[in-house]
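Taking it in order: structure first as structure tokens, then the write-up.
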Amino acid sequence: MEIKKEFKILFWIAAVFVAAYFMPLESPVFNGAVMAMLDLAKWYAREHVILCLLPAFFIAGVISVFVSQGAVMKYFGAKAKKWVAYTVASLSGTILAVCSCTILPLFSSIHKRGSGLGPAIAFLYSGPAINILAIILTARILGFEMGIARIVGAVLFAIVIGSAMSLIYRKEEKEKQEDQMSFPEFPEKRPMWQTAFHFFTLVLILVSANWGKPADGVTSGVWYWIWANKWYITSAFSLLLVFSLIHILKLRWHYVIIAGVVTAISAFISSSPMIPVIVGIAGLSIITLLDKKETDNREWTLSTWDFAKQIMPLLGIGVLVAGFLLGSTHGDTAMAGVIPNDWVAKLVGGNSVLSNFYASIVGAFMYFATLTEVPILQGLMVAGMGKGPALALLLAGPSLSLPNMLVIRGVIGTQKTVVYVFLVVVMATVTGLIYGGLF
């Protein structure tokens with residue numbers, strides 16, 4: 001019998017018992033926090049799991065299976081020029097309209113395929129931070145200078161934080177580079193343009209399906225037109241996916257057509273776009289798992305499932321904890337957690353070191369879905385939030401969240417995760433302080 005293991009079990013049993021025994025059910029704050037936790041979990045499940053995470057898992061599966069390790073290392077590994085690796089990584093967010101959670105399977109995938117720590121971290125940060133839709137919305141609602149400050153700050157953050165992580169763990173990275181320099185270059189199974197076509201088709205489906213609603217009162221313009229027609233646009237990209245499945249992945253055409261027709265029928269008879277998305281994903285999973293001609297197609301779905309198993313439980317725990325502590329804020333909903341919202345508004349006023357630091361901490365732990373950080377900040381600024389803390393939250397918030405941290409820890413370990421979060425918070429604090437002093 002392992003005494004240490006048994007004491008660990010005893011500790012958790014005692015902890016659960018004490019928590020249940022002293023649970024303050026008579027407290028309105030506690031009950032409100034529980035409702036906020038459940039509300040955030042419900043909203044996250046409805047708005048992000050099916051439309052954001054599931055497509056992201058499949059995209060990560062493409063990188064894991066169809067993109068060779070040599071190709072990843074060509075742009076992100078030891079053989080890549082640093083300026084190429086960091087440029088590609090830091091600008092990746094312009095094509096990925098993703099949140100801090102949706103980027104995780106993509107980050108995990110390129111890290112496993114041999115990417116250097118620095119470029120991988122730059123990619124992890126930039127994916128949600130340099131979302132071009134969020135930049136435009138920021139400039140439109142919070143001011144042009146805030147939009148410019150956000151995009152410049154985000155690009156610099158990605159490069160600086162990635163470089164700092166690489167420098168801090170240079171001994172470990174050097175060993176990895178030495179191993180990679182002798183790594184043989186295997187020929188690609190198919191032309192790179194075909195893999196790129198398949199990859200970007202899935203990215204375009206992800207982006208169009210999650211295109212954010214324009215600001216209230218906007219009823220014209222390109223943004224509004226895309227939002228108003230996003231499901232037609234998503235359907236058009238889905239036809240490209242059908243082409244890719246048949247002509248690039250060589251799946252049996254009649255199976256793909258049957259799955260496509262069933263998906264189309266479900267779209268016509270259902271009132272929610274979630275139904276055809278679920279049907280389409282189920283159809284894609286079945287036809288790839290049953291494919292016996294190309295083993296990579298089956299591996300694609302199995303790899304996707306591996307990412308889901310690794311990431312989903314941690315995200316679920318993180319969303320529940322974040323909702324309990326910081327509340328649920330989305331759309332017209334504003335439910336306080338254990339930490340009251342008015343405390344946040346008071347602590348981020350002015351432009352002191354403390355207000356910028358607190359804004360960075362709140363941004364780092366609070367979950368922001370894609371584009372939701374802008375209206376939330378607008379409300380906080382009306383309540384007295386300073387411009388410096390607002391930028392600090394914009395630079396720390398979209399790329400970090402408590403659910404995000406739990407998953408990152410599983411990929412790169414506790415120490416690297418703590419260092420990464422520390423760098424983001426400190427840089428966001430300093431940047432917010434400088435910006436608040438200038439404007």
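The chains in the structure tokens are called A, B, ... from first to last as shown; in each chain the residues are counted from 1, and the ligands are counted from 1 in the order shown.
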At a cut-off of 12 Å, can you tabulate as a Markdown table every residue of segment 267-351 of chain A near segment 242-249 of chain A together with its closest atom pair and the distance in Å to one decimal, using only C-alpha atoms and ordering rows by chain then number?
| residue | atom | partner | partner_atom | distance |
| --- | --- | --- | --- | --- |
| A:Gly280 | CA | A:Val242 | CA | 10.8 |
| A:Gly283 | CA | A:Val242 | CA | 11.6 |
| A:Leu284 | CA | A:Leu245 | CA | 9.1 |
| A:Ser285 | CA | A:Leu245 | CA | 11.9 |
| A:Ile287 | CA | A:Leu245 | CA | 9.9 |
| A:Thr288 | CA | A:Leu245 | CA | 9.3 |
| A:Asp291 | CA | A:Leu249 | CA | 10.2 |
| A:Lys293 | CA | A:Leu249 | CA | 10.1 |
| A:Glu294 | CA | A:Leu249 | CA | 7.8 |
| A:Thr295 | CA | A:Leu249 | CA | 10.3 |
| A:Asp296 | CA | A:Leu249 | CA | 8.6 |
| A:Asn297 | CA | A:Leu249 | CA | 7.0 |
| A:Arg298 | CA | A:Leu249 | CA | 10.7 |
| A:Trp300 | CA | A:Leu249 | CA | 10.6 |
Got time to write the residues from that selection, C-alpha atoms, as a tab-separated table (two decimals), in the first residue's frame?
chain	number	residue	atom	x	y	z
A	280	GLY	CA	-22.41	17.17	-40.93
A	283	GLY	CA	-21.41	12.22	-41.27
A	284	LEU	CA	-17.77	13.30	-41.73
A	285	SER	CA	-16.70	11.19	-38.74
A	287	ILE	CA	-17.26	8.14	-43.57
A	288	THR	CA	-13.65	8.76	-42.49
A	291	ASP	CA	-12.62	4.35	-44.99
A	293	LYS	CA	-8.39	2.66	-48.54
A	294	GLU	CA	-6.58	5.62	-46.95
A	295	THR	CA	-5.46	5.03	-43.37
A	296	ASP	CA	-4.78	8.76	-42.91
A	297	ASN	CA	-8.49	9.55	-43.22
A	298	ARG	CA	-9.33	7.29	-40.30
A	300	TRP	CA	-7.70	12.21	-38.95
With a distance cut-off of 12 Å and only C-alpha atoms, select the neighbouring residues of Val430 of chain A, excluding the residue or stretch itself and same-chain residues fewer than 2 positions from it, and output the selection as a VMD selection string. chain A and resid 153 157 351 to 360 388 to 389 391 to 393 395 to 396 423 to 428 432 to 437
Deliver the residues from the most recent selection as a file, using C-alpha atoms, as a PDB file, in the first residue's frame.
ATOM      1  CA  GLY A 153       0.484  45.630 -29.017  1.00  0.00           C
ATOM      2  CA  PHE A 157       3.381  40.764 -27.514  1.00  0.00           C
ATOM      3  CA  ASN A 351      -4.352  54.790 -14.737  1.00  0.00           C
ATOM      4  CA  SER A 352      -2.334  53.548 -11.767  1.00  0.00           C
ATOM      5  CA  VAL A 353      -0.043  50.529 -11.757  1.00  0.00           C
ATOM      6  CA  LEU A 354      -2.581  48.715  -9.557  1.00  0.00           C
ATOM      7  CA  SER A 355      -5.550  49.448 -11.856  1.00  0.00           C
ATOM      8  CA  ASN A 356      -3.644  48.220 -14.933  1.00  0.00           C
ATOM      9  CA  PHE A 357      -2.378  45.160 -13.075  1.00  0.00           C
ATOM     10  CA  TYR A 358      -5.841  44.321 -11.808  1.00  0.00           C
ATOM     11  CA  ALA A 359      -7.323  44.721 -15.317  1.00  0.00           C
ATOM     12  CA  SER A 360      -4.644  42.359 -16.647  1.00  0.00           C
ATOM     13  CA  GLY A 388      -4.945  52.198 -19.901  1.00  0.00           C
ATOM     14  CA  PRO A 389      -6.626  49.364 -17.972  1.00  0.00           C
ATOM     15  CA  LEU A 391      -6.085  48.206 -23.266  1.00  0.00           C
ATOM     16  CA  ALA A 392      -4.409  46.020 -20.627  1.00  0.00           C
ATOM     17  CA  LEU A 393      -7.544  43.886 -20.429  1.00  0.00           C
ATOM     18  CA  LEU A 395      -4.195  42.496 -24.486  1.00  0.00           C
ATOM     19  CA  ALA A 396      -4.463  39.931 -21.667  1.00  0.00           C
ATOM     20  CA  LEU A 423       4.774  37.473 -19.071  1.00  0.00           C
ATOM     21  CA  VAL A 424       1.350  38.287 -20.540  1.00  0.00           C
ATOM     22  CA  VAL A 425       0.109  39.952 -17.332  1.00  0.00           C
ATOM     23  CA  VAL A 426       3.278  42.005 -16.781  1.00  0.00           C
ATOM     24  CA  MET A 427       3.478  43.169 -20.416  1.00  0.00           C
ATOM     25  CA  ALA A 428      -0.236  44.034 -20.480  1.00  0.00           C
ATOM     26  CA  GLY A 432      -1.695  49.790 -20.378  1.00  0.00           C
ATOM     27  CA  LEU A 433       0.188  52.138 -18.078  1.00  0.00           C
ATOM     28  CA  ILE A 434       2.071  53.717 -21.004  1.00  0.00           C
ATOM     29  CA  TYR A 435      -1.045  53.986 -23.178  1.00  0.00           C
ATOM     30  CA  GLY A 436      -3.089  55.498 -20.355  1.00  0.00           C
ATOM     31  CA  GLY A 437      -0.376  58.090 -19.803  1.00  0.00           C
TER      32      GLY A 437
END
So that I can check the surroundings of Tyr224 of chain A, please list as an NGL selection string every protein, DNA and RNA residue that reaches within 10 Å of it, counting only C-alpha atoms and ignoring chain neighbours fewer than 2 positions away. :A and (211-215 or 218-222 or 226-230)
Please report as CSV every residue of segment 18-120 of chain A lying within 8 Å of segment 303-307 of chain A, along with the nearest atom pair and their distance in Å (one decimal), using only C-alpha atoms.
residue,atom,partner,partner_atom,distance
A:Phe57,CA,A:Thr304,CA,5.1
A:Phe58,CA,A:Thr304,CA,5.3
A:Ala60,CA,A:Thr304,CA,6.9
A:Gly61,CA,A:Thr304,CA,4.9
A:Ser64,CA,A:Ser303,CA,7.1
A:Val65,CA,A:Ser303,CA,7.4
A:Pro105,CA,A:Phe307,CA,6.2
Quick one: distance from atom CA of His48 of chain A to atom CA of Val344 of chain A in Å, one decimal?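 One can read the atom CA of His48 of chain A to atom CA of Val344 of chain A distance as 25.6 Å.
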Check the DSSP output for the backbone and give back, as a PyMOL selection string, the residues of segment 277-352 of chain A in helix (DSSP H, G or I). chain A and resi 277-289+295-326+341-347
Identify which of the residues A:Lys8, A:Met146, A:Val338, A:Gly116 lies closest to Pro24 of chain A, counting only C-alpha atoms when measuring atom-to-atom distances. A:Val338
Give me the residues near Cys52 of chain A as a CSV table (one decimal) with C-alpha atoms, in the first residue's frame, where near means some atom within 9 Å (using only C-alpha atoms) and where sequence neighbours in that chain fewer than 2 positions away do not count.
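Saved to part-v4.csv:
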chain,number,residue,atom,x,y,z
A,47,GLU,CA,-22.5,28.9,-28.5
A,48,HIS,CA,-19.0,27.5,-28.6
A,49,VAL,CA,-18.7,23.7,-28.4
A,50,ILE,CA,-20.5,22.8,-31.6
A,54,LEU,CA,-15.5,20.8,-32.9
A,55,PRO,CA,-14.3,22.4,-36.1
A,56,ALA,CA,-11.1,23.4,-34.3
A,57,PHE,CA,-10.5,19.8,-33.3
A,98,VAL,CA,-10.9,32.1,-32.6
A,99,CYS,CA,-11.1,32.6,-28.9
A,101,CYS,CA,-10.1,28.0,-26.1
A,102,THR,CA,-10.6,27.4,-29.8
A,206,LEU,CA,-15.0,28.0,-38.8
A,207,VAL,CA,-14.7,31.7,-39.5
A,209,ALA,CA,-20.0,30.1,-39.0
A,210,ASN,CA,-18.8,32.2,-36.1
One-decimal distance in Å that lies between atom CA of Ala259 of chain A and atom CA of Ala282 of chain A: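 According to the coordinates, atom CA of Ala282 of chain A and atom CA of Ala259 of chain A are separated by 8.8 Å.
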Near-Met405 of chain A list (10 Å; only C-alpha atoms; drop same-chain fewer than 2 positions) as a PyMOL selection string: chain A and resi 100-101+104+314-315+318+364-365+399-403+407-411+414+417-418+420-421
Write to file, as an mmCIF file, in the first residue's frame, the residues of the selection just made, with N, CA and C atoms.
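This is the output file selection_16.cif:
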data_model
loop_
_atom_site.group_PDB
_atom_site.id
_atom_site.type_symbol
_atom_site.label_atom_id
_atom_site.label_comp_id
_atom_site.auth_asym_id
_atom_site.auth_seq_id
_atom_site.Cartn_x
_atom_site.Cartn_y
_atom_site.Cartn_z
ATOM 1 N N SER A 100 -9.773 32.128 -26.898
ATOM 2 C CA SER A 100 -8.646 31.548 -26.171
ATOM 3 C C SER A 100 -8.762 30.040 -26.020
ATOM 4 N N CYS A 101 -9.954 29.494 -26.180
ATOM 5 C CA CYS A 101 -10.130 28.046 -26.069
ATOM 6 C C CYS A 101 -10.036 27.347 -27.420
ATOM 7 N N LEU A 104 -6.589 26.291 -28.715
ATOM 8 C CA LEU A 104 -5.828 25.285 -27.964
ATOM 9 C C LEU A 104 -5.526 24.003 -28.750
ATOM 10 N N LEU A 314 -10.973 19.602 -19.309
ATOM 11 C CA LEU A 314 -10.313 20.734 -18.662
ATOM 12 C C LEU A 314 -11.040 22.040 -18.946
ATOM 13 N N LEU A 315 -11.520 22.198 -20.188
ATOM 14 C CA LEU A 315 -12.282 23.402 -20.519
ATOM 15 C C LEU A 315 -13.561 23.477 -19.702
ATOM 16 N N GLY A 318 -12.710 24.538 -16.225
ATOM 17 C CA GLY A 318 -12.304 25.943 -16.228
ATOM 18 C C GLY A 318 -13.477 26.899 -16.381
ATOM 19 N N ALA A 364 -6.925 38.012 -17.683
ATOM 20 C CA ALA A 364 -6.243 36.729 -17.818
ATOM 21 C C ALA A 364 -7.105 35.557 -17.346
ATOM 22 N N PHE A 365 -7.902 35.753 -16.301
ATOM 23 C CA PHE A 365 -8.660 34.641 -15.737
ATOM 24 C C PHE A 365 -10.102 34.566 -16.242
ATOM 25 N N SER A 399 -6.536 36.280 -25.136
ATOM 26 C CA SER A 399 -5.584 35.186 -25.320
ATOM 27 C C SER A 399 -5.454 34.278 -24.105
ATOM 28 N N LEU A 400 -5.980 34.687 -22.971
ATOM 29 C CA LEU A 400 -5.896 33.884 -21.753
ATOM 30 C C LEU A 400 -7.275 33.732 -21.121
ATOM 31 N N SER A 401 -7.443 32.666 -20.404
ATOM 32 C CA SER A 401 -8.619 32.450 -19.563
ATOM 33 C C SER A 401 -8.280 31.278 -18.660
ATOM 34 N N LEU A 402 -9.038 31.121 -17.601
ATOM 35 C CA LEU A 402 -8.779 30.007 -16.689
ATOM 36 C C LEU A 402 -8.906 28.663 -17.407
ATOM 37 N N PRO A 403 -9.965 28.431 -18.222
ATOM 38 C CA PRO A 403 -10.020 27.160 -18.961
ATOM 39 C C PRO A 403 -8.806 26.977 -19.865
ATOM 40 N N VAL A 407 -5.627 23.827 -19.904
ATOM 41 C CA VAL A 407 -5.245 23.013 -21.062
ATOM 42 C C VAL A 407 -3.779 23.235 -21.424
ATOM 43 N N ILE A 408 -3.333 24.497 -21.399
ATOM 44 C CA ILE A 408 -1.925 24.792 -21.706
ATOM 45 C C ILE A 408 -1.005 24.027 -20.750
ATOM 46 N N ARG A 409 -1.393 23.979 -19.473
ATOM 47 C CA ARG A 409 -0.607 23.237 -18.479
ATOM 48 C C ARG A 409 -0.459 21.781 -18.885
ATOM 49 N N GLY A 410 -1.521 21.203 -19.448
ATOM 50 C CA GLY A 410 -1.451 19.808 -19.880
ATOM 51 C C GLY A 410 -0.540 19.602 -21.075
ATOM 52 N N VAL A 411 -0.289 20.665 -21.846
ATOM 53 C CA VAL A 411 0.535 20.557 -23.054
ATOM 54 C C VAL A 411 1.999 20.841 -22.760
ATOM 55 N N THR A 414 3.327 22.784 -15.918
ATOM 56 C CA THR A 414 2.934 23.838 -14.980
ATOM 57 C C THR A 414 3.886 25.028 -15.009
ATOM 58 N N THR A 417 3.648 27.191 -18.121
ATOM 59 C CA THR A 417 2.348 27.886 -18.142
ATOM 60 C C THR A 417 2.366 29.094 -17.220
ATOM 61 N N VAL A 418 2.923 28.920 -16.023
ATOM 62 C CA VAL A 418 3.011 30.033 -15.071
ATOM 63 C C VAL A 418 3.870 31.160 -15.646
ATOM 64 N N TYR A 420 4.444 31.819 -18.822
ATOM 65 C CA TYR A 420 3.699 32.421 -19.937
ATOM 66 C C TYR A 420 2.644 33.404 -19.423
ATOM 67 N N VAL A 421 1.855 32.983 -18.454
ATOM 68 C CA VAL A 421 0.815 33.857 -17.892
ATOM 69 C C VAL A 421 1.452 35.087 -17.246
#
Shell of 12 Å around Gly162 of chain A, only C-alpha atoms, local chain residues under 6 positions omitted, as a PyMOL selection string: chain A and resi 76+82-83+85-87+89-90+115-126+154-156+168-170+416+419-421+423-424
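Among the candidates A:Ile151, A:Ile265, A:Leu289, A:Ala15, the one nearest to Thr138 of chain A when counting only C-alpha atoms is A:Ile151.
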A:Leu51, A:Met35, A:Ala158, A:Val203: which is nearest Ser272 of chain A, counting only C-alpha atoms?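 Using only C-alpha atoms, Ser272 of chain A sits closest to A:Leu51.
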Here is a test: counting only C-alpha atoms, which residue of A:Met381, A:Met366, A:Met37, A:Ile286 is nearest to Gly337 of chain A?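 With only C-alpha atoms as the atom set, the closest residue is A:Met37.
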So which residues touch Met274 of chain A within 9 Å, counting only C-alpha atoms, skipping near sequence neighbours fewer than 4 positions away, as a list of chain:residue names?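 In the requested form, the answer reads A:Arg46, A:Ile50, A:Leu51, A:Ala267, A:Ser270, A:Ile278, A:Val279.
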Could you save the residues just selected, with N, CA and C atoms, as an mmCIF file, in the first residue's frame?
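Contents of out_12.cif, freshly written:
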data_model
loop_
_atom_site.group_PDB
_atom_site.id
_atom_site.type_symbol
_atom_site.label_atom_id
_atom_site.label_comp_id
_atom_site.auth_asym_id
_atom_site.auth_seq_id
_atom_site.Cartn_x
_atom_site.Cartn_y
_atom_site.Cartn_z
ATOM 1 N N ARG A 46 -23.846 25.962 -25.657
ATOM 2 C CA ARG A 46 -24.701 26.273 -26.799
ATOM 3 C C ARG A 46 -23.983 27.047 -27.905
ATOM 4 N N ILE A 50 -20.141 23.367 -30.302
ATOM 5 C CA ILE A 50 -20.463 22.814 -31.619
ATOM 6 C C ILE A 50 -19.879 23.655 -32.747
ATOM 7 N N LEU A 51 -20.036 24.965 -32.677
ATOM 8 C CA LEU A 51 -19.609 25.821 -33.783
ATOM 9 C C LEU A 51 -18.123 26.149 -33.745
ATOM 10 N N ALA A 267 -30.730 20.828 -42.636
ATOM 11 C CA ALA A 267 -30.703 22.289 -42.589
ATOM 12 C C ALA A 267 -32.055 22.876 -42.979
ATOM 13 N N SER A 270 -34.794 21.907 -40.006
ATOM 14 C CA SER A 270 -34.532 22.295 -38.609
ATOM 15 C C SER A 270 -34.574 23.809 -38.460
ATOM 16 N N ILE A 278 -24.158 19.477 -36.509
ATOM 17 C CA ILE A 278 -23.975 18.200 -35.822
ATOM 18 C C ILE A 278 -24.071 17.042 -36.809
ATOM 19 N N VAL A 279 -25.087 17.101 -37.688
ATOM 20 C CA VAL A 279 -25.272 16.042 -38.691
ATOM 21 C C VAL A 279 -24.063 15.965 -39.614
#
Report, in Å to a single decimal, how far apart atom CA of Leu142 of chain A and atom CA of Leu326 of chain A are.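 Going from atom CA of Leu326 of chain A over to atom CA of Leu142 of chain A covers 23.0 Å.
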